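A short write-up of the structure that comes next.
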Number of protein chains: 2
Amino acid sequence: MSGTVFGACPTPLLQYRQIVLGHGSGGRLTHELIKDVFAPAGPLEDQATLPFAAGRLAVTTDSFVVKPIFFPGGDIGKLAITGSVNDLAVGGARPRFIAAAFILEEGLPLDDLRRIVASMRAACAECEVQLVTGDTKVVDRGKGDQVFISTTAVGEVPEGVSLSIAAARPGDRVLVSGTLGDHGIAILSVREGIELDTPLLSDCAPLTALVQALLAVAPGVRCMRDPTSGGLSSALNEMCEASRVGVEIDEGAVPLKPEVRGACEMLGLDPLYVACEGRLMAAVPAEQADRALAALRSHPLGREAAVIGRVVADHAGYVTVRSVVGGERVLAMLAGEQLPRIC
Amino acid sequence: MSGTVFGACPTPLLQYRQIVLGHGSGGRLTHELIKDVFAPAGPLEDQATLPFAAGRLAVTTDSFVVKPIFFPGGDIGKLAITGSVNDLAVGGARPRFIAAAFILEEGLPLDDLRRIVASMRAACAECEVQLVTGDTKVVDRGKGDQVFISTTAVGEVPEGVSLSIAAARPGDRVLVSGTLGDHGIAILSVREGIELDTPLLSDCAPLTALVQALLAVAPGVRCMRDPTSGGLSSALNEMCEASRVGVEIDEGAVPLKPEVRGACEMLGLDPLYVACEGRLMAAVPAEQADRALAALRSHPLGREAAVIGRVVADHAGYVTVRSVVGGERVLAMLAGEQLPRIC
């Protein structure tokens, strides 16, 4: 061992203020980044081993590429947690664990990353979900866009719960838990520099508690969806196709904030295509619809819940919208790209 | 219903040959992409519900940003499956389910995506893991780099298995399952246009079966790691730190392909820092080392397995390398970035 110097290597490295390629090396910079930025969010091991009771496990994954990464009412970190948690929640599962994989662009300010991770930590606490494992890659400048986050949520499906997009039946009522399109218009307004009279906040929020409140009084709920990309239109069209039913929406009953309505009129957007990140759509048997509505409205996230339509046997596979002046039109699934990088 | 035309919307869309922003819209193009490209890999629902026996669940997540996306011996799709599966396998878990989230750059040829997905499908079959859920986002041209994939693998930890990076003990032997650095040098040689006498293939491969063969004859294995980013050096340094032991490596015993040795000499790289994607490092009690080595060598992926060093009580936290000419040096963790975007 003589002559081998053991004290030489761990001299303090330069303090970086921005992400450099070395932060993705798997070497010392990666370890320092994990210790500095990610460790406060809990230990992030290569693999997490967790206790799990026998039963049904639910898994969902999503990438988040929202632009800008900070927006009124949230940021990419909060969105990355609530987005995956909500996918589980609307399936009736109880979110337990979450994994997060980061793709960072060289040059990202470390303070931005810290802010995003703090926001993820807060969202995890709110969702009662545990961030158990993670990964960090760095791509060269101009080959990414600040930060992309992929999250995967793992949950338990309680016994007896069998919500399915294929379970809607004629006669069911269609409910939404709040105003539509807030998230999409909030993103669009900052991105395109549109000035709104009232600053609009994203509706980005975890739906776990709202879903539990709903299922507690309306156990007959057939299916739920969170209308994210593609808006309510995609959620309803998917349900119509899978359940082989039609849906009739009463346009006048759809809750919209005046500023969302105004922005949509100005931009020629249909709010039924605009993304939400903290709303749910549910198909509920008619006899449980009143209770369901009351349960949603009694929760802070569901105060503006409404019954907006019904499931019909007619025109299976199609969603129709009856306008306030009495006309009827087919609400097709979004054909192109309306608002890219909304989530 | 009079006057409402139901046949009007599902006219065939233009056939795209490349990814456009609309493929990430959550609307019709997203659905067509899923049906066309992803559906053959199994149903990709927003959320997958799966049976799971009581016990310990293992979760790991990784993003893959390798450049180029197709390389000798593999591609980003194969890597995305084997990479996450291997993280579970070296922890002693049996991989069961995998989730994949894609971030596509506008302009990616659809045929490239098809090829990647086919490769993922083949890798899943080889690993006996089920691809259960997915997600697709599209970013504008110049804000990504063709395709990034984040995968999350979920597995079961068999009763009695408790491998840990903190479990190495003085006296243990350190084994590797094959030649080091093949993956890193294969990527580097195509990326930098380096001509090798023999074309070098990445070692990218699933380790599940190799690990099972090893654990069957050497149940005392303390810990395993797959030396990916940061190479063997990161794996050994992490073990030294967590187990509060030292490691002595015999440089002459480290298996290296001549072309890897040659490329490293030419480029001034230390192969102990170069990534593998189908190798494992294991710390094994001395009395089980022979059996462990024989088990590895009897498997096609472990033919060049070797005992390369030992765990010592001395110089805890440090890895030393004894060179073929007798000198000794400290093998520190990689300080900067050696080979960016290797996985």
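Here, A, B, ... name the chains of the structure tokens in the order displayed, residue numbers run from 1 inside each chain, and ligands are numbered from 1 in the same displayed order.
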
I'd like the neighbourhood of B:Val284 as a PDB file with N, CA, C and O atoms, in the first residue's frame, where a residue qualifies if any of its atoms comes within 6 Å (using only C-alpha atoms), though same-chain residues fewer than 6 positions away should be ignored.
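After the write, part_25.pdb holds the following:
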ATOM      1  N   ASP B 172     -14.440 -11.311   0.564  1.00  0.00           N
ATOM      2  CA  ASP B 172     -15.251 -11.617  -0.620  1.00  0.00           C
ATOM      3  C   ASP B 172     -14.410 -11.491  -1.888  1.00  0.00           C
ATOM      4  O   ASP B 172     -13.470 -10.696  -1.948  1.00  0.00           O
ATOM      5  N   ARG B 173     -14.782 -12.269  -2.897  1.00  0.00           N
ATOM      6  CA  ARG B 173     -14.149 -12.137  -4.195  1.00  0.00           C
ATOM      7  C   ARG B 173     -15.017 -11.245  -5.082  1.00  0.00           C
ATOM      8  O   ARG B 173     -16.247 -11.284  -4.980  1.00  0.00           O
ATOM      9  N   VAL B 221     -24.223 -14.807  -2.579  1.00  0.00           N
ATOM     10  CA  VAL B 221     -23.790 -13.567  -3.248  1.00  0.00           C
ATOM     11  C   VAL B 221     -24.218 -12.358  -2.418  1.00  0.00           C
ATOM     12  O   VAL B 221     -25.368 -12.264  -2.006  1.00  0.00           O
ATOM     13  N   ARG B 222     -23.275 -11.440  -2.159  1.00  0.00           N
ATOM     14  CA  ARG B 222     -23.588 -10.282  -1.299  1.00  0.00           C
ATOM     15  C   ARG B 222     -24.301  -9.191  -2.074  1.00  0.00           C
ATOM     16  O   ARG B 222     -25.252  -8.610  -1.605  1.00  0.00           O
TER      17      ARG B 222
END

Taking 6 positions as the minimum chain separation for residues in the same chain, which residues sit within 12 Å of A:Gln146 when counting only C-alpha atoms? Answer as a tab-separated table (two decimals) with all heavy atoms, in the first residue's frame.
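Wrote result-v9.tsv, looks like this:
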chain	number	residue	atom	x	y	z
A	18	GLN	N	-24.99	25.50	-13.17
A	18	GLN	CA	-25.78	25.00	-14.29
A	18	GLN	C	-25.48	23.53	-14.48
A	18	GLN	O	-24.44	23.04	-14.06
A	18	GLN	CB	-25.40	25.73	-15.57
A	18	GLN	CG	-25.74	27.19	-15.57
A	18	GLN	CD	-25.54	27.80	-16.95
A	18	GLN	OE1	-24.66	27.38	-17.68
A	18	GLN	NE2	-26.37	28.75	-17.29
A	19	ILE	N	-26.39	22.85	-15.15
A	19	ILE	CA	-26.16	21.45	-15.48
A	19	ILE	C	-25.08	21.36	-16.56
A	19	ILE	O	-25.11	22.09	-17.55
A	19	ILE	CB	-27.47	20.81	-15.99
A	19	ILE	CG1	-28.47	20.66	-14.83
A	19	ILE	CG2	-27.22	19.46	-16.65
A	19	ILE	CD1	-28.06	19.68	-13.75
A	20	VAL	N	-24.11	20.46	-16.34
A	20	VAL	CA	-23.10	20.16	-17.35
A	20	VAL	C	-23.24	18.68	-17.72
A	20	VAL	O	-23.90	17.92	-17.01
A	20	VAL	CB	-21.67	20.47	-16.85
A	20	VAL	CG1	-21.51	21.95	-16.54
A	20	VAL	CG2	-21.33	19.62	-15.62
A	64	PHE	N	-43.42	14.30	-19.28
A	64	PHE	CA	-43.87	15.69	-19.19
A	64	PHE	C	-42.85	16.57	-19.88
A	64	PHE	O	-41.66	16.53	-19.56
A	64	PHE	CB	-44.10	16.08	-17.73
A	64	PHE	CG	-45.22	15.26	-17.13
A	64	PHE	CD1	-44.97	14.02	-16.58
A	64	PHE	CD2	-46.53	15.69	-17.23
A	64	PHE	CE1	-45.99	13.22	-16.09
A	64	PHE	CE2	-47.57	14.91	-16.75
A	64	PHE	CZ	-47.30	13.67	-16.17
A	65	VAL	N	-43.35	17.34	-20.87
A	65	VAL	CA	-42.47	18.17	-21.71
A	65	VAL	C	-43.05	19.59	-21.79
A	65	VAL	O	-42.80	20.31	-22.74
A	65	VAL	CB	-42.33	17.56	-23.12
A	65	VAL	CG1	-41.70	16.16	-23.05
A	65	VAL	CG2	-43.67	17.48	-23.87
A	66	VAL	N	-43.84	19.94	-20.78
A	66	VAL	CA	-44.57	21.22	-20.81
A	66	VAL	C	-43.61	22.40	-21.01
A	66	VAL	O	-42.49	22.41	-20.51
A	66	VAL	CB	-45.41	21.41	-19.52
A	66	VAL	CG1	-44.53	21.54	-18.30
A	66	VAL	CG2	-46.38	22.56	-19.65
A	67	LYS	N	-44.09	23.39	-21.75
A	67	LYS	CA	-43.32	24.59	-22.04
A	67	LYS	C	-44.23	25.78	-21.85
A	67	LYS	O	-45.26	25.82	-22.52
A	67	LYS	CB	-42.81	24.51	-23.48
A	67	LYS	CG	-41.88	25.62	-23.84
A	67	LYS	CD	-41.40	25.47	-25.25
A	67	LYS	CE	-40.40	26.58	-25.54
A	67	LYS	NZ	-39.78	26.40	-26.83
A	68	PRO	N	-43.94	26.73	-21.01
A	68	PRO	CA	-42.76	26.87	-20.15
A	68	PRO	C	-42.78	25.91	-18.96
A	68	PRO	O	-43.85	25.43	-18.59
A	68	PRO	CB	-42.85	28.32	-19.68
A	68	PRO	CG	-44.32	28.59	-19.64
A	68	PRO	CD	-44.90	27.83	-20.81
A	69	ILE	N	-41.61	25.69	-18.36
A	69	ILE	CA	-41.53	24.74	-17.25
A	69	ILE	C	-42.13	25.31	-15.96
A	69	ILE	O	-42.51	24.57	-15.08
A	69	ILE	CB	-40.09	24.23	-17.01
A	69	ILE	CG1	-39.10	25.37	-16.78
A	69	ILE	CG2	-39.64	23.36	-18.18
A	69	ILE	CD1	-37.68	24.90	-16.44
A	70	PHE	N	-42.19	26.64	-15.85
A	70	PHE	CA	-42.89	27.28	-14.73
A	70	PHE	C	-44.08	28.04	-15.32
A	70	PHE	O	-43.91	28.77	-16.29
A	70	PHE	CB	-41.97	28.26	-13.98
A	70	PHE	CG	-40.75	27.58	-13.40
A	70	PHE	CD1	-39.51	27.74	-14.00
A	70	PHE	CD2	-40.85	26.79	-12.26
A	70	PHE	CE1	-38.38	27.10	-13.48
A	70	PHE	CE2	-39.73	26.16	-11.73
A	70	PHE	CZ	-38.50	26.31	-12.34
A	76	ILE	N	-43.48	22.11	-14.06
A	76	ILE	CA	-43.34	20.76	-14.62
A	76	ILE	C	-43.20	19.69	-13.52
A	76	ILE	O	-43.62	18.55	-13.70
A	76	ILE	CB	-42.16	20.71	-15.63
A	76	ILE	CG1	-42.19	19.41	-16.43
A	76	ILE	CG2	-40.81	20.92	-14.94
A	76	ILE	CD1	-41.21	19.36	-17.60
A	102	PHE	N	-35.33	11.98	-15.09
A	102	PHE	CA	-35.10	13.34	-15.58
A	102	PHE	C	-34.20	13.32	-16.80
A	102	PHE	O	-33.16	12.65	-16.80
A	102	PHE	CB	-34.40	14.18	-14.51
A	102	PHE	CG	-35.23	14.43	-13.28
A	102	PHE	CD1	-35.38	13.46	-12.30
A	102	PHE	CD2	-35.87	15.65	-13.12
A	102	PHE	CE1	-36.15	13.70	-11.17
A	102	PHE	CE2	-36.64	15.89	-11.99
A	102	PHE	CZ	-36.78	14.91	-11.02
A	103	ILE	N	-34.57	14.07	-17.83
A	103	ILE	CA	-33.68	14.33	-18.96
A	103	ILE	C	-33.40	15.82	-18.93
A	103	ILE	O	-34.28	16.64	-19.20
A	103	ILE	CB	-34.29	13.88	-20.30
A	103	ILE	CG1	-34.56	12.37	-20.28
A	103	ILE	CG2	-33.37	14.25	-21.46
A	103	ILE	CD1	-35.31	11.85	-21.50
A	104	LEU	N	-32.17	16.18	-18.54
A	104	LEU	CA	-31.80	17.58	-18.37
A	104	LEU	C	-30.99	18.06	-19.56
A	104	LEU	O	-30.16	17.32	-20.09
A	104	LEU	CB	-30.96	17.73	-17.09
A	104	LEU	CG	-31.55	17.11	-15.81
A	104	LEU	CD1	-30.56	17.28	-14.65
A	104	LEU	CD2	-32.89	17.74	-15.48
A	105	GLU	N	-31.24	19.29	-19.96
A	105	GLU	CA	-30.43	19.88	-21.02
A	105	GLU	C	-29.25	20.59	-20.38
A	105	GLU	O	-29.42	21.32	-19.39
A	105	GLU	CB	-31.26	20.89	-21.83
A	105	GLU	CG	-30.52	21.45	-23.04
A	105	GLU	CD	-31.25	22.64	-23.68
A	105	GLU	OE1	-32.20	23.14	-23.07
A	105	GLU	OE2	-30.82	23.07	-24.76
A	106	GLU	N	-28.09	20.35	-20.94
A	106	GLU	CA	-26.88	21.06	-20.50
A	106	GLU	C	-27.19	22.56	-20.44
A	106	GLU	O	-27.79	23.10	-21.36
A	106	GLU	CB	-25.80	20.78	-21.57
A	106	GLU	CG	-24.43	21.25	-21.26
A	106	GLU	CD	-23.49	21.07	-22.47
A	106	GLU	OE1	-23.97	20.73	-23.58
A	106	GLU	OE2	-22.30	21.27	-22.30
A	107	GLY	N	-26.84	23.19	-19.33
A	107	GLY	CA	-27.09	24.63	-19.20
A	107	GLY	C	-28.28	24.96	-18.32
A	107	GLY	O	-28.47	26.12	-17.95
A	108	LEU	N	-29.09	23.97	-17.97
A	108	LEU	CA	-30.23	24.23	-17.07
A	108	LEU	C	-29.70	24.78	-15.75
A	108	LEU	O	-28.83	24.17	-15.13
A	108	LEU	CB	-31.00	22.93	-16.81
A	108	LEU	CG	-32.15	23.05	-15.79
A	108	LEU	CD1	-33.35	23.76	-16.41
A	108	LEU	CD2	-32.57	21.67	-15.27
A	109	PRO	N	-30.20	25.92	-15.30
A	109	PRO	CA	-29.74	26.43	-13.99
A	109	PRO	C	-30.11	25.44	-12.88
A	109	PRO	O	-31.24	24.95	-12.82
A	109	PRO	CB	-30.52	27.74	-13.82
A	109	PRO	CG	-30.91	28.14	-15.22
A	109	PRO	CD	-31.13	26.85	-15.96
A	110	LEU	N	-29.14	25.17	-12.01
A	110	LEU	CA	-29.38	24.23	-10.92
A	110	LEU	C	-30.50	24.72	-10.01
A	110	LEU	O	-31.24	23.92	-9.45
A	110	LEU	CB	-28.10	24.01	-10.12
A	110	LEU	CG	-27.27	22.82	-10.61
A	110	LEU	CD1	-25.96	22.74	-9.84
A	110	LEU	CD2	-28.05	21.52	-10.44
A	112	ASP	N	-33.19	26.21	-10.91
A	112	ASP	CA	-34.46	25.81	-11.52
A	112	ASP	C	-34.77	24.36	-11.17
A	112	ASP	O	-35.90	24.01	-10.84
A	112	ASP	CB	-34.41	25.96	-13.05
A	112	ASP	CG	-34.54	27.41	-13.49
A	112	ASP	OD1	-34.72	28.28	-12.61
A	112	ASP	OD2	-34.45	27.66	-14.71
A	113	LEU	N	-33.73	23.52	-11.25
A	113	LEU	CA	-33.93	22.11	-10.93
A	113	LEU	C	-34.33	21.93	-9.46
A	113	LEU	O	-35.23	21.15	-9.12
A	113	LEU	CB	-32.65	21.32	-11.25
A	113	LEU	CG	-32.75	19.80	-11.08
A	113	LEU	CD1	-33.84	19.21	-11.96
A	113	LEU	CD2	-31.41	19.14	-11.38
A	116	ILE	N	-37.93	22.81	-9.03
A	116	ILE	CA	-38.80	21.76	-9.59
A	116	ILE	C	-38.88	20.57	-8.62
A	116	ILE	O	-39.96	20.02	-8.38
A	116	ILE	CB	-38.25	21.31	-10.97
A	116	ILE	CG1	-38.47	22.43	-11.99
A	116	ILE	CG2	-38.89	20.01	-11.43
A	116	ILE	CD1	-37.68	22.26	-13.28
A	137	LYS	N	-30.41	11.87	-16.67
A	137	LYS	CA	-29.57	11.89	-17.87
A	137	LYS	C	-29.40	13.34	-18.29
A	137	LYS	O	-30.28	14.17	-18.03
A	137	LYS	CB	-30.23	11.11	-19.01
A	137	LYS	CG	-30.33	9.62	-18.79
A	137	LYS	CD	-28.97	8.94	-18.75
A	137	LYS	CE	-29.05	7.43	-18.72
A	137	LYS	NZ	-29.88	6.88	-17.66
A	138	VAL	N	-28.28	13.62	-18.93
A	138	VAL	CA	-28.03	14.97	-19.44
A	138	VAL	C	-27.78	14.89	-20.94
A	138	VAL	O	-27.01	14.04	-21.39
A	138	VAL	CB	-26.82	15.62	-18.73
A	138	VAL	CG1	-26.57	17.03	-19.27
A	138	VAL	CG2	-27.02	15.66	-17.22
A	139	VAL	N	-28.46	15.74	-21.69
A	139	VAL	CA	-28.21	15.81	-23.14
A	139	VAL	C	-27.57	17.15	-23.46
A	139	VAL	O	-27.75	18.14	-22.74
A	139	VAL	CB	-29.50	15.62	-23.97
A	139	VAL	CG1	-30.06	14.21	-23.77
A	139	VAL	CG2	-30.56	16.65	-23.64
A	140	ASP	N	-26.81	17.18	-24.54
A	140	ASP	CA	-26.09	18.39	-24.92
A	140	ASP	C	-27.06	19.53	-25.25
A	140	ASP	O	-28.18	19.32	-25.65
A	140	ASP	CB	-25.14	18.13	-26.10
A	140	ASP	CG	-25.36	16.80	-26.80
A	140	ASP	OD1	-25.92	15.88	-26.18
A	140	ASP	OD2	-25.01	16.68	-27.98
B	143	LYS	N	-35.85	20.53	-30.33
B	143	LYS	CA	-36.03	20.59	-28.87
B	143	LYS	C	-35.90	19.20	-28.24
B	143	LYS	O	-36.20	19.00	-27.07
B	143	LYS	CB	-37.41	21.18	-28.52
B	143	LYS	CG	-37.58	22.62	-28.98
B	143	LYS	CD	-36.59	23.53	-28.28
B	143	LYS	CE	-36.80	24.99	-28.69
B	143	LYS	NZ	-35.75	25.85	-28.09
B	144	GLY	N	-35.53	18.22	-29.07
B	144	GLY	CA	-35.25	16.89	-28.58
B	144	GLY	C	-34.17	16.33	-29.48
B	144	GLY	O	-33.50	17.10	-30.17

**Report entry** Nearby residues (only C-alpha atoms) at most 8 Å from stretch 224-227 of chain B, same-chain spacing under 2 positions excluded, as a VMD selection string
**Finding:** chain B and resid 86 to 87 90 to 91 163 to 165 221 to 222 229 to 235 275 to 283

**Report entry** Nearest-residue call for chain B, choices A:Asp197, A:Asp203, A:Glu159, A:Asp290, using only C-alpha atoms
**Finding:**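 Nearest candidate to chain B out of A:Asp197, A:Asp203, A:Glu159, A:Asp290: A:Glu159.
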
Query raised in the report: Hey, what's within 12 Å of B:Val247 if we count only C-alpha atoms and toss same-chain stuff fewer than 2 positions away? As a VMD selection string, please?
Result: chain B and resid 168 to 175 232 to 233 235 to 241 243 to 245 249 to 250 283 308 to 322 329 to 332

With a distance cut-off of 9 Å and only C-alpha atoms, select the neighbouring residues of A:Leu293, excluding the residue or stretch itself and same-chain residues fewer than 2 positions from it, and output the selection as a CSV table (one decimal) with C-alpha atoms, in the first residue's frame.
chain,number,residue,atom,x,y,z
A,175,LEU,CA,-70.3,14.7,-14.7
A,176,VAL,CA,-67.2,17.0,-14.7
A,177,SER,CA,-65.6,18.1,-11.4
A,214,LEU,CA,-66.9,10.5,-4.9
A,288,GLN,CA,-76.4,8.1,-8.0
A,289,ALA,CA,-75.9,11.3,-10.0
A,290,ASP,CA,-77.3,13.7,-7.4
A,291,ARG,CA,-75.2,12.2,-4.6
A,295,ALA,CA,-69.9,14.9,-3.1
A,296,LEU,CA,-67.8,16.6,-5.7
A,297,ARG,CA,-69.2,20.0,-4.8
A,298,SER,CA,-68.4,19.5,-1.2
A,302,GLY,CA,-65.0,20.1,-7.1
A,305,ALA,CA,-68.8,20.3,-10.6
A,306,ALA,CA,-71.7,19.9,-13.0
A,307,VAL,CA,-73.8,17.3,-14.7

Query raised in the report: What gap, in Å, lies between atom CA of B:Gln212 and atom CA of B:Pro300?
Result: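 Those two atoms sit 13.3 Å apart.
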
**Report entry** Minimum-distance residue to chain B, chosen among A:Gly220, A:Gly134, A:Gly77, A:Pro285 (using only C-alpha atoms)
**Finding:**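 Among the listed residues, the smallest separation from chain B belongs to A:Gly134.
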
**Report entry** alpha helix (DSSP H) per DSSP on the backbone: members of stretch 67-204 of chain A, as a ChimeraX atom specification
**Finding:** /A:76-89,110-127,182-192

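The neighbours of B:Ala48 here are the residues that come within 9 Å of it, using only C-alpha atoms and leaving out any residue fewer than 5 positions away in the same chain; they are A:Leu57, A:Ala58, A:Val59, A:Thr60, B:Val132, B:Thr133.
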
Since we have the selection now, will you write its residues out, keeping N, CA, C and O atoms, as a PDB file, in the first residue's frame?
ATOM      1  N   LEU A  57     -52.290  -4.628  -8.752  1.00  0.00           N
ATOM      2  CA  LEU A  57     -51.339  -3.528  -8.813  1.00  0.00           C
ATOM      3  C   LEU A  57     -51.700  -2.705 -10.056  1.00  0.00           C
ATOM      4  O   LEU A  57     -52.042  -3.254 -11.098  1.00  0.00           O
ATOM      5  N   ALA A  58     -51.649  -1.384  -9.930  1.00  0.00           N
ATOM      6  CA  ALA A  58     -51.906  -0.511 -11.071  1.00  0.00           C
ATOM      7  C   ALA A  58     -50.639   0.248 -11.408  1.00  0.00           C
ATOM      8  O   ALA A  58     -49.923   0.695 -10.508  1.00  0.00           O
ATOM      9  N   VAL A  59     -50.332   0.347 -12.693  1.00  0.00           N
ATOM     10  CA  VAL A  59     -49.118   1.046 -13.137  1.00  0.00           C
ATOM     11  C   VAL A  59     -49.491   2.027 -14.233  1.00  0.00           C
ATOM     12  O   VAL A  59     -50.264   1.691 -15.138  1.00  0.00           O
ATOM     13  N   THR A  60     -48.928   3.221 -14.169  1.00  0.00           N
ATOM     14  CA  THR A  60     -49.120   4.179 -15.249  1.00  0.00           C
ATOM     15  C   THR A  60     -47.831   4.964 -15.439  1.00  0.00           C
ATOM     16  O   THR A  60     -47.068   5.156 -14.487  1.00  0.00           O
TER      17      THR A  60
ATOM     18  N   VAL B 132     -46.610  -3.183 -20.268  1.00  0.00           N
ATOM     19  CA  VAL B 132     -48.018  -3.060 -19.886  1.00  0.00           C
ATOM     20  C   VAL B 132     -48.627  -1.688 -20.099  1.00  0.00           C
ATOM     21  O   VAL B 132     -49.854  -1.563 -20.162  1.00  0.00           O
ATOM     22  N   THR B 133     -47.833  -0.659 -20.197  1.00  0.00           N
ATOM     23  CA  THR B 133     -48.430   0.664 -20.375  1.00  0.00           C
ATOM     24  C   THR B 133     -47.394   1.598 -20.983  1.00  0.00           C
ATOM     25  O   THR B 133     -46.193   1.338 -20.902  1.00  0.00           O
TER      26      THR B 133
END

Query - Atomic separation - atom CA of B:Ala101 relative to atom CA of B:Ile185, Å - result: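 According to the coordinates, atom CA of B:Ile185 and atom CA of B:Ala101 are separated by 27.2 Å.
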
Could you name the residues that touch B:Val129 at 8 Å or less, counting only C-alpha atoms, but leaving out those on the same chain fewer than 4 positions away, as an mmCIF file with C-alpha atoms, in the first residue's frame?
data_model
loop_
_atom_site.group_PDB
_atom_site.id
_atom_site.type_symbol
_atom_site.label_atom_id
_atom_site.label_comp_id
_atom_site.auth_asym_id
_atom_site.auth_seq_id
_atom_site.Cartn_x
_atom_site.Cartn_y
_atom_site.Cartn_z
ATOM 1 C CA PRO B 95 -38.800 -8.500 -13.514
ATOM 2 C CA ARG B 96 -42.519 -8.774 -14.288
ATOM 3 C CA PHE B 97 -43.862 -5.588 -15.853
ATOM 4 C CA ILE B 98 -42.429 -2.666 -17.749
ATOM 5 C CA CYS B 124 -39.356 -8.074 -23.639
ATOM 6 C CA ALA B 125 -39.871 -11.608 -24.926
#

Requested in this report: Using atom CA of A:Gly73 and atom CA of A:Arg114 as the two end points, give the distance in Å to one decimal.
Outcome: 17.6 Å

Requested in this report: Could you find all residues in stretch 133-275 of chain B that DSSP calls strand (DSSP E) from the backbone, and write them as a VMD selection string?
Outcome: chain B and resid 133 to 139 147 to 157 173 to 176 223 to 225 246 to 250
